[in-house]
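One structure below.
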Amino acid sequence: MNRNIVHIDLDTFFVSCERLLNPELNNRPVLVGGITGRGVVAACSYEARQYGIHSAMPMRMAQQLCPHAIVVKGNSSIYSKFSDTITEIISEQAPLYEKSSIDEFYIDVSGMDKFYGSYKWAQELRDRIIKETHLPISFALATNKTVSKVATNEVKPNNYMQIEEGREKGFLAPLVVKKIPMVGDQTYKMLLSMGVKYVKTIQEMPIELMEKVMGKNGVALWKKAQGIDNSLVEPYHERKSISSSLTFEKDTIDVTALKKLLLAMAEKLAFYLRNGNKLTSCVTVTVRYSDFDTRTRQKRIPYTSLDHTLIATVMELFDQLYTRRVLVRLVGVRFSHLIGGSYQMRLFEDNEKLIRLYQQMDKMRNRFGQNAVQRASTLGTRGIGQMSNPFNGQPPVIPAHRRI
């Protein structure tokens, strides 16, 4: 049976939501994101993109490129409500779907052609979403996830297309290789240094050469360039990590304040682990200096979800990282290699009294709020605030980066 995969993408989702709330933003360059001097662009309208603006660009730079652009702080709760509405519509009609982000979906409609045209069905689903939400939406139908996603990006804005079976390779050939989802900036630079700019070049290269140069990633990239992708549409992805990071409004060299913030982040993430019945075995700390030099260090530890172990590891890694003694722009903490399960006491390192203390602290936080109980050393910490529990709901919500 031939596979039929639909990729749906809501065009400039944040901007489109803002325009529904404020029609005066229509047909004008709009920037959604941080409004402070250190903020970044979370989303921008097509009118703004004409000036070279793109997401993740510093807001200050974007305003320099387009001084008359309208800057909107954004409202994540509004965007989530629209996303939930669209998810509900898709869940009612789709046999199998995957929500890959707040504004992207994959739908497996394989076999539907026997009863009803897959392409026609996708068009009618798009029409219903537009009718009920008034949001622009693009989609593409192809034989796999990679080709359908690339095709959706090519057909934007507010349009749709189908790549029929057997035409995947020809469709991809003339495209710039960076349009393949797994190719980031660094990989693209490396490919350019090899004389590879277009997908067709990779299609003509031996797979052995790609493996020699890039290892397993080279093999995966070669297959995607041929239009081969056997990955399944999965309705749920088990979370493998949780993280939190803070970008300062003003660069700092205050080591005491930096450690205080890292401690607060580790404490809050540990609370989420216990609430989600998760354990971590890998701790990563990130430090970004004022010149954007970013350093990370990680350490493997026995599986745990207890504050004192995780905080001690975070402090140890920070001491190893912070060696330049220059201004710091960002710090972050990540717990990865997560597994499900409750923490088992270590015979000599832990005690029952400590475990009960954590249990009572978590009960108070769940009843009165995340900040109901804090260590004295984290009191007054700004910027952490209330964060979404990453283990509530499907798909899981990644804790948002916070700015102070």
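We label chains A, B, ... in the order they appear in the structure tokens, count residues from 1 in each chain, and number ligands from 1 in the order shown.
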Who sits within 10 Å of Ile107 in chain A, only C-alpha atoms, same chain under 3 positions skipped, as a ChimeraX atom specification | /A:4-8,90-91,94-99,110,122,141,145,233-235
Non-local contacts of range 277-290 of chain A (9 Å; only C-alpha atoms; under 6 positions in same chain excluded) as a ChimeraX atom specification = /A:241,245,247,251-252,262,270,296-306,310,313-315,317-318,321-322,324,326-343,391
Do a neighbour search on Lys200 in chain A at 9 Å with only C-alpha atoms, toss out local chain neighbours closer than 3 positions, and write the hits as a PyMOL selection string.
-> chain A and resi 169-170+172-177+196-197+203-205+225-226
Which of A:Ile86, A:Met265, A:Ile53, A:Ile202 sits closest to Pro136 in chain A [using only C-alpha atoms] | A:Ile86
Work out how far apart CA of Asp108 in chain A and CA of Thr146 in chain A are and give it in Å to one decimal.
->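 Interatomic distance, CA of Asp108 in chain A to CA of Thr146 in chain A: 13.0 Å.
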By how many Å are CA of Tyr188 in chain A and CA of Lys149 in chain A apart?
->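 These atoms are spaced 18.4 Å apart.
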Minimum-distance residue to Glu104 in chain A, chosen among A:Ala266, A:Ala140, A:Leu31, A:Ile180 (using only C-alpha atoms) |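 That would be A:Ala140, the residue with the smallest distance to Glu104 in chain A.
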Separating CA of Glu124 in chain A from CA of Tyr160 in chain A, to the nearest tenth of an Å, is a gap of 11.6 Å
